[in-house]
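Here the structure comes first, spelled out in structure tokens, and everything after it is commentary.
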Amino acid sequence: MNVPKLKFLAPLGIAALLMGAANTETITVKGSDTMVIMAQRWAESYMAKHPGTTIQVTGGGSGTGISALINGTTDICNSSRPMKSSERAKLQERYATLGIEIKSAKDGLSVYVNDASPVQDITLDDLRDVYLGKITNWKQLGGPDAKIIVYGRENNSGTYAFFKDHVLGGKDYLASMQSMPGTAAVVNAVSKDPNGIGYGGMAYAKGIRILGVRKAAGSAAVVPSAQTVGNGSYPLSRYLYMYTSKRPSGAVKEYIDWILSPEGQAIATQVGYFPAR
Amino acid sequence: MKSKAITLPLALAAIASAESTPNLGEKLDAVEGKLGSLEENYLETKSTVAALAKLKISGLVQAQVQYFADTNILSSSGTPTARSGQQTQFMVRRGRLKATYDAGNGSQWVMQYNLNQSGLSAQDMYVKWEEPWLKTFSVQAGLQDIPFGYEIGYSSSSMEWLERSRFERSAMFKDEKDVGFVLGASPKVPGLDAASLKIAALNGYGAADATMDPASFTARANIAKNLPEAGLGLALGGSYYMDKRLALSTTKNAKGDKDSLYVGESWKIDGRTSDIRTRSYRKELDASIVGADAQITWDDSFVPTLAGLKVLGELYTGTAVGGAGGNTRTNSGDVLYQRDVLGWYVAAVQNFDKVAQLVVRYDAYDPNTNVSGDEIGRKGPDGKTVSNGTSKADLAYGSWYFGLNVFLNGNTKLSIGYDLIENETSSSLKNTTVAASDFSKDVDDDVLTVRGQFSF
């Protein structure tokens with residue numbers, strides 16, 4: 001073994017490693033399960049065009065993503081609800097910043113029923129009463145005489161929080177609600193259960209039917225679509241957010257700028273959501 | 001011929017096998033059965049996990065090494081002390097384990113202990129209930145933080161400097177905890193991002209004694225307003241602490257006072273000989289402290305590598321009651337001392353991306369604003385007794401702190417801090433034999449601390 005030659009090569013190897021490290025950017029994205037499919041598509045498409053950038057996308061729920069942002073274990077947090085003031089306070093405590101909020105897409109929070117259900121639409125009041133346990137039989141909603149099986153999300157979900165704030169008026173869900181770990185699980189459960197009802201992002205609505213939502217008993221039922229979500233006439237329209245702990249810079253900024261570009265927004269539409277602007 | 005002999009048994013075996021193989025429908029039924037069974041198992045596990053998720057365990061360990069500028073100086077945190085001739089010491093500053101059970105119905109149970117080389121001590125032990133209707137009001141009962149000032153309620157794991165302010169450590173709040181009830185309100189106020197009020201009735205004797213009659217009243221109100229467009233956050237707080245101390249002795253009728261079973265002595269240390277000479281038995285001494293605090297955060301990440309700047313400060317003033325050696329509250333006292341106090345600090349914390357913080361703080365504390373300079377420890381005509389009851393406990397301090405925090409990952413923080421401590425001097429407190437006790441000059445008590453913290 002030629003030791004002197006190895007010694008000569010060692011600094012070169014270290015330099016090469018450092019150069020390699022400098023040329024490879026890794027961006028971590030964590031949070032909303034509602035957004036995870038869209039986030040993965042964004043990442044795949046971006047990485048294909050930017051081979052020097054690696055984007056790691058994981059779900060876990062909006063609350064989990066925001067905790068990771070506060071702990072410094074993610075660069076970008078996806079959230080299907082706005083950040084709470086208590087979470088913002090923790091971010092302030094750790095970084096002395098308020099966080100940067102980026103509206104990355106729009107969604108119509110959809111109410112799912114089984115394909116076999118004869119019910120076509122529901123008022124916001126009835127939807128609230130179903131999830132508070134005040135309406136328990138489909139007959140009360142114009143359906144068959146059968147108990148309503150209520151599916152929802154777990155409490156680390158942004159969709160759970162959005163639904164609670166905007167439909168339940170901040171009140172607690174009925175205790176017997178079956179909490180599912182992700183929107184796909186809600187869709188799967190409702191698709192198998194003729195008496196089931198659930199909620200989640202539009203992009204997941206496969207194998208189930210989406211109910212029209214009425215603001216009040218006398219108003220027209222509105223089904224979430226590009227037009228109704230875009231113009232806000234669908235009562236459960238919402239933004240899907242990305243958060244960073246400070247002003248984005250470098251590779252993170254380039255990636256976010258690309259997401260907000262027509263190319264990135266087109267992917268949001270392909271997945272089943274709508275452009276943020 | 002040989003190949004035919006082999007083929008025939010194989011063919012018979014294949015036919016037998018085909019007859020025993022279940023058809024597709026049976027296979028599907030079997031798979032569905034297994035899936036159903038798995039789903040049942042999953043639901044069982046899920047309900048168990050959901051119940052366990054209500055119990056959250058968190059904790060931290062802070063291990064540190066301290067280097068003292070001089071030997072024979074007490075450590076900045078009080079315990080343990082550096083031995084004579086020793087300038088370096090290792091210690092576990094905090095070892096916390098906290099369990100929180102949130103029932104999800106507004107009720108919460110919290111228990112926290114501190115364990116270090118000095119032993120085990122209770123930190124928190126309370127129940128909290130938030131009313132379910134407005135979700136604005138709450139009541140918290142048990143051993144808990146004293147709702148006074150900004151620092152006391154600030155998590156030890158998040159704190160940017162190594163120790164809380166000298167005032168907070170020295171004037172009646174030493175262990176930051178007390179036993180009693182705290183009523184809380186967090187109303188949604190239009191135009192504000194946060195508003196809260198806490199009112200507490202506490203024993204007033206800290207975590208160590210839960211048997212005294214309630215005498216302490218504490219209140220704190222704070223508001224916060226964020227201006228996201230400017231990256232600016234503003235928060236203000238005001239606090240009030242009121243307490244009573246009864247000078248009592250464990251010796252029954254020690255002074256022959258027939259009107260009371262227990263007697264004690266109380267002193268007003270204001271530097272006037274006439275007052276200090278007047279002893280009053282079984283006298284209640286009033287403590288009353290007001291505080292104001294402000295925190296400003298500003299997102300300065302438009303400068304590359306910077307993240308956010310925090311500037312904050314607190315001011316406290318009032319009358320404290322303690323012992324001869326200082327204003328730290330005592331469990332009981334047959335001799336109590338009343339002093340007027342003033343304390344304040346101003347600090348700045350600059351964040352660098354997600355990885356580091358630079359910290360500068362100036363912390364001032366005057367444990368007795370009525371006396372100063374050579375008046376402290378002034379000798380009487382006999383040259384031996386102190387004429388006005390003052391001692392080194394009445395010396396004012398001013399300390400600079402310079403620190404660097406490095407976040408190695410989401411759990412681990414490395415802190416390096418230097419405390420530059422200056423004391424008020426008094427020629428009356430000259431000590432020619434022990435340099436660390438010679439307060440006729442600034443004592444060489446600066447300390448460098450390197451601390452590793454793991455929290456989860």
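We label chains A, B, ... in the order they appear in the structure tokens, count residues from 1 in each chain, and number ligands from 1 in the order shown.
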
Contacts from chain A to chain B, 8 Å maximum, only C-alpha atoms: show me the residue list as a PDB file with N, CA, C and O atoms, in the first residue's frame.
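So out-v4.pdb came out as:
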```
ATOM      1  N   ASN A  71     -39.562  22.826  16.135  1.00  0.00           N
ATOM      2  CA  ASN A  71     -38.367  22.113  16.608  1.00  0.00           C
ATOM      3  C   ASN A  71     -37.180  22.261  15.678  1.00  0.00           C
ATOM      4  O   ASN A  71     -36.070  21.846  16.017  1.00  0.00           O
ATOM      5  N   GLY A  72     -37.420  22.780  14.487  1.00  0.00           N
ATOM      6  CA  GLY A  72     -36.328  22.950  13.534  1.00  0.00           C
ATOM      7  C   GLY A  72     -36.009  21.691  12.755  1.00  0.00           C
ATOM      8  O   GLY A  72     -34.937  21.582  12.168  1.00  0.00           O
ATOM      9  N   THR A  73     -36.939  20.717  12.733  1.00  0.00           N
ATOM     10  CA  THR A  73     -36.663  19.473  12.027  1.00  0.00           C
ATOM     11  C   THR A  73     -37.296  19.427  10.639  1.00  0.00           C
ATOM     12  O   THR A  73     -37.240  18.403   9.974  1.00  0.00           O
ATOM     13  N   SER A  85     -52.568  30.828  17.184  1.00  0.00           N
ATOM     14  CA  SER A  85     -51.768  31.860  17.855  1.00  0.00           C
ATOM     15  C   SER A  85     -50.824  31.231  18.885  1.00  0.00           C
ATOM     16  O   SER A  85     -49.712  31.725  19.102  1.00  0.00           O
ATOM     17  N   GLN A  92     -42.273  32.132  17.925  1.00  0.00           N
ATOM     18  CA  GLN A  92     -41.684  33.397  18.394  1.00  0.00           C
ATOM     19  C   GLN A  92     -40.666  33.130  19.502  1.00  0.00           C
ATOM     20  O   GLN A  92     -39.604  33.738  19.544  1.00  0.00           O
ATOM     21  N   GLU A  93     -41.044  32.223  20.390  1.00  0.00           N
ATOM     22  CA  GLU A  93     -40.186  31.898  21.524  1.00  0.00           C
ATOM     23  C   GLU A  93     -38.860  31.304  21.040  1.00  0.00           C
ATOM     24  O   GLU A  93     -37.799  31.615  21.557  1.00  0.00           O
ATOM     25  N   ARG A  94     -38.942  30.442  20.021  1.00  0.00           N
ATOM     26  CA  ARG A  94     -37.748  29.730  19.567  1.00  0.00           C
ATOM     27  C   ARG A  94     -36.895  30.552  18.591  1.00  0.00           C
ATOM     28  O   ARG A  94     -35.668  30.548  18.681  1.00  0.00           O
ATOM     29  N   TYR A  95     -37.560  31.231  17.633  1.00  0.00           N
ATOM     30  CA  TYR A  95     -36.785  31.914  16.581  1.00  0.00           C
ATOM     31  C   TYR A  95     -36.961  33.434  16.583  1.00  0.00           C
ATOM     32  O   TYR A  95     -36.345  34.112  15.761  1.00  0.00           O
ATOM     33  N   ALA A  96     -37.861  33.938  17.426  1.00  0.00           N
ATOM     34  CA  ALA A  96     -38.181  35.374  17.423  1.00  0.00           C
ATOM     35  C   ALA A  96     -38.772  35.801  16.082  1.00  0.00           C
ATOM     36  O   ALA A  96     -38.600  36.942  15.649  1.00  0.00           O
ATOM     37  N   THR A  97     -39.444  34.885  15.418  1.00  0.00           N
ATOM     38  CA  THR A  97     -40.140  35.222  14.169  1.00  0.00           C
ATOM     39  C   THR A  97     -41.601  34.794  14.300  1.00  0.00           C
ATOM     40  O   THR A  97     -41.950  34.005  15.175  1.00  0.00           O
ATOM     41  N   LEU A  98     -42.427  35.300  13.403  1.00  0.00           N
ATOM     42  CA  LEU A  98     -43.847  34.930  13.415  1.00  0.00           C
ATOM     43  C   LEU A  98     -44.145  33.839  12.399  1.00  0.00           C
ATOM     44  O   LEU A  98     -45.266  33.385  12.262  1.00  0.00           O
ATOM     45  N   LYS A 246     -38.755  31.368   8.863  1.00  0.00           N
ATOM     46  CA  LYS A 246     -38.221  32.702   8.526  1.00  0.00           C
ATOM     47  C   LYS A 246     -38.442  32.923   7.037  1.00  0.00           C
ATOM     48  O   LYS A 246     -38.939  32.030   6.354  1.00  0.00           O
ATOM     49  N   ARG A 247     -38.055  34.098   6.555  1.00  0.00           N
ATOM     50  CA  ARG A 247     -38.214  34.375   5.130  1.00  0.00           C
ATOM     51  C   ARG A 247     -37.462  33.314   4.330  1.00  0.00           C
ATOM     52  O   ARG A 247     -36.269  33.086   4.594  1.00  0.00           O
TER      53      ARG A 247
END
```

Residues near Gly313 in chain B, cut-off 10 Å, only C-alpha atoms, skip fewer than 5 positions along chain, as a short mmCIF file (atom, residue, chain, number, x, y, z; two decimals) with all heavy atoms, in the first residue's frame:
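Okay, this is what ended up in selection.cif:
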```cif
data_model
loop_
_atom_site.label_atom_id
_atom_site.label_comp_id
_atom_site.auth_asym_id
_atom_site.auth_seq_id
_atom_site.Cartn_x
_atom_site.Cartn_y
_atom_site.Cartn_z
N TYR B 150 -42.52 37.48 33.58
CA TYR B 150 -42.37 36.72 32.34
C TYR B 150 -41.50 35.49 32.53
O TYR B 150 -41.80 34.41 32.02
CB TYR B 150 -41.76 37.65 31.28
CG TYR B 150 -41.44 37.00 29.97
CD1 TYR B 150 -42.46 36.66 29.07
CD2 TYR B 150 -40.13 36.71 29.61
CE1 TYR B 150 -42.17 36.07 27.87
CE2 TYR B 150 -39.84 36.12 28.39
CZ TYR B 150 -40.86 35.80 27.53
OH TYR B 150 -40.57 35.21 26.32
N GLU B 151 -40.45 35.65 33.31
CA GLU B 151 -39.45 34.58 33.41
C GLU B 151 -39.94 33.33 34.12
O GLU B 151 -39.56 32.23 33.75
CB GLU B 151 -38.24 35.11 34.19
CG GLU B 151 -37.20 35.79 33.35
CD GLU B 151 -35.91 35.92 34.13
OE1 GLU B 151 -35.98 36.36 35.28
OE2 GLU B 151 -34.85 35.57 33.60
N LEU B 236 -46.84 42.67 26.16
CA LEU B 236 -46.67 43.44 27.39
C LEU B 236 -47.31 42.69 28.54
O LEU B 236 -48.32 41.99 28.36
CB LEU B 236 -47.37 44.80 27.27
CG LEU B 236 -46.81 45.79 26.25
CD1 LEU B 236 -47.76 46.97 26.09
CD2 LEU B 236 -45.43 46.27 26.68
N ALA B 292 -43.39 44.83 35.64
CA ALA B 292 -43.82 45.10 34.26
C ALA B 292 -42.82 44.45 33.33
O ALA B 292 -41.61 44.43 33.62
CB ALA B 292 -43.88 46.61 34.01
N ASP B 293 -43.31 43.88 32.25
CA ASP B 293 -42.40 43.23 31.31
C ASP B 293 -42.84 43.50 29.89
O ASP B 293 -44.02 43.77 29.63
CB ASP B 293 -42.34 41.72 31.58
CG ASP B 293 -43.68 41.03 31.47
OD1 ASP B 293 -44.03 40.59 30.36
OD2 ASP B 293 -44.39 40.93 32.50
N ALA B 294 -41.90 43.44 28.97
CA ALA B 294 -42.18 43.65 27.55
C ALA B 294 -41.27 42.77 26.71
O ALA B 294 -40.11 42.54 27.08
CB ALA B 294 -41.97 45.12 27.19
N GLN B 295 -41.81 42.24 25.63
CA GLN B 295 -41.02 41.43 24.71
C GLN B 295 -41.33 41.90 23.28
O GLN B 295 -42.49 42.08 22.92
CB GLN B 295 -41.36 39.93 24.80
CG GLN B 295 -41.18 39.33 26.20
CD GLN B 295 -42.38 39.53 27.11
OE1 GLN B 295 -43.51 39.39 26.67
NE2 GLN B 295 -42.13 39.88 28.36
N ILE B 296 -40.29 42.11 22.53
CA ILE B 296 -40.44 42.51 21.13
C ILE B 296 -39.68 41.50 20.28
O ILE B 296 -38.51 41.20 20.57
CB ILE B 296 -39.86 43.92 20.88
CG1 ILE B 296 -40.56 44.94 21.78
CG2 ILE B 296 -39.99 44.32 19.41
CD1 ILE B 296 -39.87 46.29 21.82
N TRP B 344 -34.23 44.69 37.63
CA TRP B 344 -34.61 44.80 36.23
C TRP B 344 -33.57 44.10 35.35
O TRP B 344 -32.44 43.87 35.79
CB TRP B 344 -34.76 46.26 35.80
CG TRP B 344 -33.55 47.13 35.98
CD1 TRP B 344 -33.20 47.80 37.10
CD2 TRP B 344 -32.51 47.37 35.03
NE1 TRP B 344 -32.02 48.48 36.92
CE2 TRP B 344 -31.57 48.24 35.65
CE3 TRP B 344 -32.27 46.98 33.72
CZ2 TRP B 344 -30.41 48.68 35.00
CZ3 TRP B 344 -31.13 47.43 33.06
CH2 TRP B 344 -30.22 48.28 33.71
N TYR B 345 -33.98 43.76 34.17
CA TYR B 345 -33.01 43.25 33.20
C TYR B 345 -33.48 43.62 31.80
O TYR B 345 -34.66 43.85 31.54
CB TYR B 345 -32.83 41.73 33.32
CG TYR B 345 -33.99 40.90 32.83
CD1 TYR B 345 -34.14 40.59 31.48
CD2 TYR B 345 -34.96 40.42 33.70
CE1 TYR B 345 -35.22 39.83 31.03
CE2 TYR B 345 -36.02 39.67 33.27
CZ TYR B 345 -36.15 39.37 31.92
OH TYR B 345 -37.22 38.64 31.48
N VAL B 346 -32.52 43.71 30.91
CA VAL B 346 -32.77 43.92 29.49
C VAL B 346 -31.92 42.90 28.75
O VAL B 346 -30.76 42.68 29.11
CB VAL B 346 -32.38 45.35 29.04
CG1 VAL B 346 -32.57 45.51 27.54
CG2 VAL B 346 -33.21 46.38 29.78
N ALA B 347 -32.51 42.25 27.76
CA ALA B 347 -31.76 41.21 27.04
C ALA B 347 -32.04 41.29 25.55
O ALA B 347 -33.11 41.78 25.13
CB ALA B 347 -32.15 39.83 27.56
N ALA B 348 -31.09 40.83 24.77
CA ALA B 348 -31.27 40.73 23.31
C ALA B 348 -30.81 39.35 22.87
O ALA B 348 -29.77 38.85 23.33
CB ALA B 348 -30.47 41.81 22.60
N ARG B 361 -27.24 40.00 27.94
CA ARG B 361 -28.22 40.45 28.94
C ARG B 361 -27.53 41.25 30.03
O ARG B 361 -26.41 40.92 30.44
CB ARG B 361 -28.93 39.24 29.55
CG ARG B 361 -29.93 39.66 30.64
CD ARG B 361 -30.89 38.57 30.98
NE ARG B 361 -30.40 37.70 32.03
CZ ARG B 361 -31.19 37.06 32.88
NH1 ARG B 361 -32.51 37.18 32.79
NH2 ARG B 361 -30.69 36.28 33.79
N TYR B 362 -28.20 42.29 30.48
CA TYR B 362 -27.75 42.99 31.68
C TYR B 362 -28.83 42.84 32.74
O TYR B 362 -30.02 43.11 32.49
CB TYR B 362 -27.47 44.47 31.41
CG TYR B 362 -26.88 45.13 32.64
CD1 TYR B 362 -25.54 44.93 32.95
CD2 TYR B 362 -27.65 45.89 33.49
CE1 TYR B 362 -24.98 45.49 34.09
CE2 TYR B 362 -27.10 46.45 34.64
CZ TYR B 362 -25.77 46.24 34.94
OH TYR B 362 -25.22 46.78 36.08
N ASP B 363 -28.42 42.40 33.91
CA ASP B 363 -29.36 42.06 34.97
C ASP B 363 -28.95 42.83 36.24
O ASP B 363 -27.81 42.72 36.69
CB ASP B 363 -29.28 40.54 35.20
CG ASP B 363 -30.12 40.07 36.37
OD1 ASP B 363 -31.07 40.80 36.74
OD2 ASP B 363 -29.85 38.98 36.90
#
```

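The shortest atom-to-atom distance to Asp126 in chain A, with only C-alpha atoms taken into account, belongs to A:Ala216 out of A:Cys77, A:Ile100, A:Ala146, A:Ala216.
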
Query raised in the report: Closest to His166 in chain A among A:Gln178, A:Ser219, A:Gln227, A:Ser237, using only C-alpha atoms?
Result: A:Ser237

7 Å contact set for range 149-161 of chain A, only C-alpha atoms, chain neighbours under 5 positions out, as a PDB file with C-alpha atoms, in the first residue's frame:
```pdb
ATOM      1  CA  SER A  32     -50.700  17.936   6.289  1.00  0.00           C
ATOM      2  CA  GLY A  61     -50.816  15.902   9.960  1.00  0.00           C
ATOM      3  CA  SER A  62     -50.709  19.701  10.069  1.00  0.00           C
ATOM      4  CA  GLY A  63     -50.117  19.778  13.841  1.00  0.00           C
ATOM      5  CA  THR A  64     -47.183  17.393  13.505  1.00  0.00           C
ATOM      6  CA  SER A  79     -50.823  22.805   6.836  1.00  0.00           C
ATOM      7  CA  SER A  80     -54.458  22.582   5.806  1.00  0.00           C
ATOM      8  CA  ARG A  81     -55.367  25.166   8.451  1.00  0.00           C
ATOM      9  CA  MET A 177     -66.876   9.513  15.776  1.00  0.00           C
ATOM     10  CA  GLN A 178     -64.419   7.066  14.265  1.00  0.00           C
ATOM     11  CA  SER A 179     -61.149   8.951  13.978  1.00  0.00           C
ATOM     12  CA  MET A 180     -59.123   7.886  10.954  1.00  0.00           C
ATOM     13  CA  PRO A 181     -55.386   8.438  10.531  1.00  0.00           C
ATOM     14  CA  GLY A 182     -55.633  10.055   7.085  1.00  0.00           C
ATOM     15  CA  VAL A 186     -61.769   8.183   5.676  1.00  0.00           C
ATOM     16  CA  ASN A 195     -74.290   4.430   6.185  1.00  0.00           C
ATOM     17  CA  GLY A 196     -71.038   6.283   6.512  1.00  0.00           C
ATOM     18  CA  ILE A 197     -70.304  10.002   6.272  1.00  0.00           C
ATOM     19  CA  GLY A 198     -66.881  11.599   6.267  1.00  0.00           C
ATOM     20  CA  TYR A 199     -64.955  14.677   5.211  1.00  0.00           C
ATOM     21  CA  GLY A 200     -61.643  15.519   3.595  1.00  0.00           C
TER      22      GLY A 200
END
```

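Comparing the minimum interatomic distances between Tyr131 in chain A and each of A:Lys164, A:Lys206, A:Lys106, A:Lys90, counting only C-alpha atoms, we find that A:Lys164 sits nearest.
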
Requested in this report: Can you list, as a list in words, all residues belonging to range 132-326 of chain B that DSSP tags as helix (DSSP H, G or I)?
Outcome: Arg166, Phe167, Glu168, Arg169, Ser170, Pro228, Glu229, Ala230, Thr273, Ser274, Asp275, Ile276 and Arg277 of chain B

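Summary of the local environment: counting only C-alpha atoms, residues at most 12 Å from Pro187 in chain B, other than itself and those fewer than 4 positions away along its chain, are Leu134, Lys135, Thr136, Phe137, Ser138, Gly191, Leu192, Asp193, Ala194, Ala195, Ser196, Leu197, Lys198, Ala221, Asn222 and Ile223 of chain B.
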
Restrict the selected residues to N, CA, C and O atoms and save them as a PDB file, in the first residue's frame.
```
ATOM      1  N   LEU B 134     -67.391  28.394  27.084  1.00  0.00           N
ATOM      2  CA  LEU B 134     -66.702  29.485  26.383  1.00  0.00           C
ATOM      3  C   LEU B 134     -65.240  29.141  26.105  1.00  0.00           C
ATOM      4  O   LEU B 134     -64.594  29.776  25.282  1.00  0.00           O
ATOM      5  N   LYS B 135     -64.747  28.130  26.812  1.00  0.00           N
ATOM      6  CA  LYS B 135     -63.338  27.741  26.720  1.00  0.00           C
ATOM      7  C   LYS B 135     -62.417  28.946  26.931  1.00  0.00           C
ATOM      8  O   LYS B 135     -61.428  29.131  26.226  1.00  0.00           O
ATOM      9  N   THR B 136     -62.808  29.748  27.877  1.00  0.00           N
ATOM     10  CA  THR B 136     -62.059  30.975  28.160  1.00  0.00           C
ATOM     11  C   THR B 136     -61.513  30.970  29.584  1.00  0.00           C
ATOM     12  O   THR B 136     -60.431  31.483  29.834  1.00  0.00           O
ATOM     13  N   PHE B 137     -62.254  30.368  30.483  1.00  0.00           N
ATOM     14  CA  PHE B 137     -61.876  30.413  31.897  1.00  0.00           C
ATOM     15  C   PHE B 137     -61.375  29.042  32.363  1.00  0.00           C
ATOM     16  O   PHE B 137     -61.851  28.009  31.890  1.00  0.00           O
ATOM     17  N   SER B 138     -60.432  29.092  33.284  1.00  0.00           N
ATOM     18  CA  SER B 138     -59.896  27.830  33.804  1.00  0.00           C
ATOM     19  C   SER B 138     -59.539  28.002  35.276  1.00  0.00           C
ATOM     20  O   SER B 138     -59.369  29.124  35.766  1.00  0.00           O
ATOM     21  N   GLY B 191     -58.541  42.623  17.821  1.00  0.00           N
ATOM     22  CA  GLY B 191     -57.348  43.435  17.585  1.00  0.00           C
ATOM     23  C   GLY B 191     -56.100  42.919  18.276  1.00  0.00           C
ATOM     24  O   GLY B 191     -55.011  43.408  18.020  1.00  0.00           O
ATOM     25  N   LEU B 192     -56.280  41.944  19.182  1.00  0.00           N
ATOM     26  CA  LEU B 192     -55.114  41.389  19.872  1.00  0.00           C
ATOM     27  C   LEU B 192     -54.928  39.921  19.490  1.00  0.00           C
ATOM     28  O   LEU B 192     -55.891  39.217  19.200  1.00  0.00           O
ATOM     29  N   ASP B 193     -53.695  39.475  19.515  1.00  0.00           N
ATOM     30  CA  ASP B 193     -53.426  38.072  19.220  1.00  0.00           C
ATOM     31  C   ASP B 193     -53.487  37.211  20.470  1.00  0.00           C
ATOM     32  O   ASP B 193     -53.652  36.001  20.382  1.00  0.00           O
ATOM     33  N   ALA B 194     -53.312  37.819  21.619  1.00  0.00           N
ATOM     34  CA  ALA B 194     -53.425  37.065  22.872  1.00  0.00           C
ATOM     35  C   ALA B 194     -53.716  38.031  24.004  1.00  0.00           C
ATOM     36  O   ALA B 194     -53.266  39.179  23.999  1.00  0.00           O
ATOM     37  N   ALA B 195     -54.514  37.552  24.936  1.00  0.00           N
ATOM     38  CA  ALA B 195     -54.783  38.325  26.150  1.00  0.00           C
ATOM     39  C   ALA B 195     -55.078  37.313  27.248  1.00  0.00           C
ATOM     40  O   ALA B 195     -55.822  36.355  27.018  1.00  0.00           O
ATOM     41  N   SER B 196     -54.460  37.478  28.366  1.00  0.00           N
ATOM     42  CA  SER B 196     -54.763  36.538  29.445  1.00  0.00           C
ATOM     43  C   SER B 196     -54.589  37.203  30.805  1.00  0.00           C
ATOM     44  O   SER B 196     -53.861  38.187  30.958  1.00  0.00           O
ATOM     45  N   LEU B 197     -55.304  36.645  31.746  1.00  0.00           N
ATOM     46  CA  LEU B 197     -55.257  37.140  33.117  1.00  0.00           C
ATOM     47  C   LEU B 197     -55.201  35.937  34.044  1.00  0.00           C
ATOM     48  O   LEU B 197     -55.939  34.957  33.846  1.00  0.00           O
ATOM     49  N   LYS B 198     -54.307  36.000  35.019  1.00  0.00           N
ATOM     50  CA  LYS B 198     -54.235  34.926  36.010  1.00  0.00           C
ATOM     51  C   LYS B 198     -54.277  35.557  37.393  1.00  0.00           C
ATOM     52  O   LYS B 198     -53.559  36.530  37.662  1.00  0.00           O
ATOM     53  N   ALA B 221     -51.352  39.958  34.165  1.00  0.00           N
ATOM     54  CA  ALA B 221     -52.120  40.168  32.933  1.00  0.00           C
ATOM     55  C   ALA B 221     -51.131  40.408  31.808  1.00  0.00           C
ATOM     56  O   ALA B 221     -50.096  41.060  32.015  1.00  0.00           O
ATOM     57  N   ASN B 222     -51.411  39.839  30.668  1.00  0.00           N
ATOM     58  CA  ASN B 222     -50.525  40.117  29.534  1.00  0.00           C
ATOM     59  C   ASN B 222     -51.307  40.128  28.225  1.00  0.00           C
ATOM     60  O   ASN B 222     -52.353  39.479  28.099  1.00  0.00           O
ATOM     61  N   ILE B 223     -50.803  40.901  27.290  1.00  0.00           N
ATOM     62  CA  ILE B 223     -51.424  41.003  25.963  1.00  0.00           C
ATOM     63  C   ILE B 223     -50.333  40.880  24.905  1.00  0.00           C
ATOM     64  O   ILE B 223     -49.152  41.147  25.175  1.00  0.00           O
TER      65      ILE B 223
END
```

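Across the model, the gap from CA of Ala266 in chain A to CA of Ser104 in chain A is 11.5 Å.
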
Report task. Write out as a ChimeraX atom specification each polymer residue whose atoms come within 6 Å of Leu211 in chain A, counting only C-alpha atoms; drop sequence neighbours fewer than 5 positions from it. Result -> /A:111,120-121
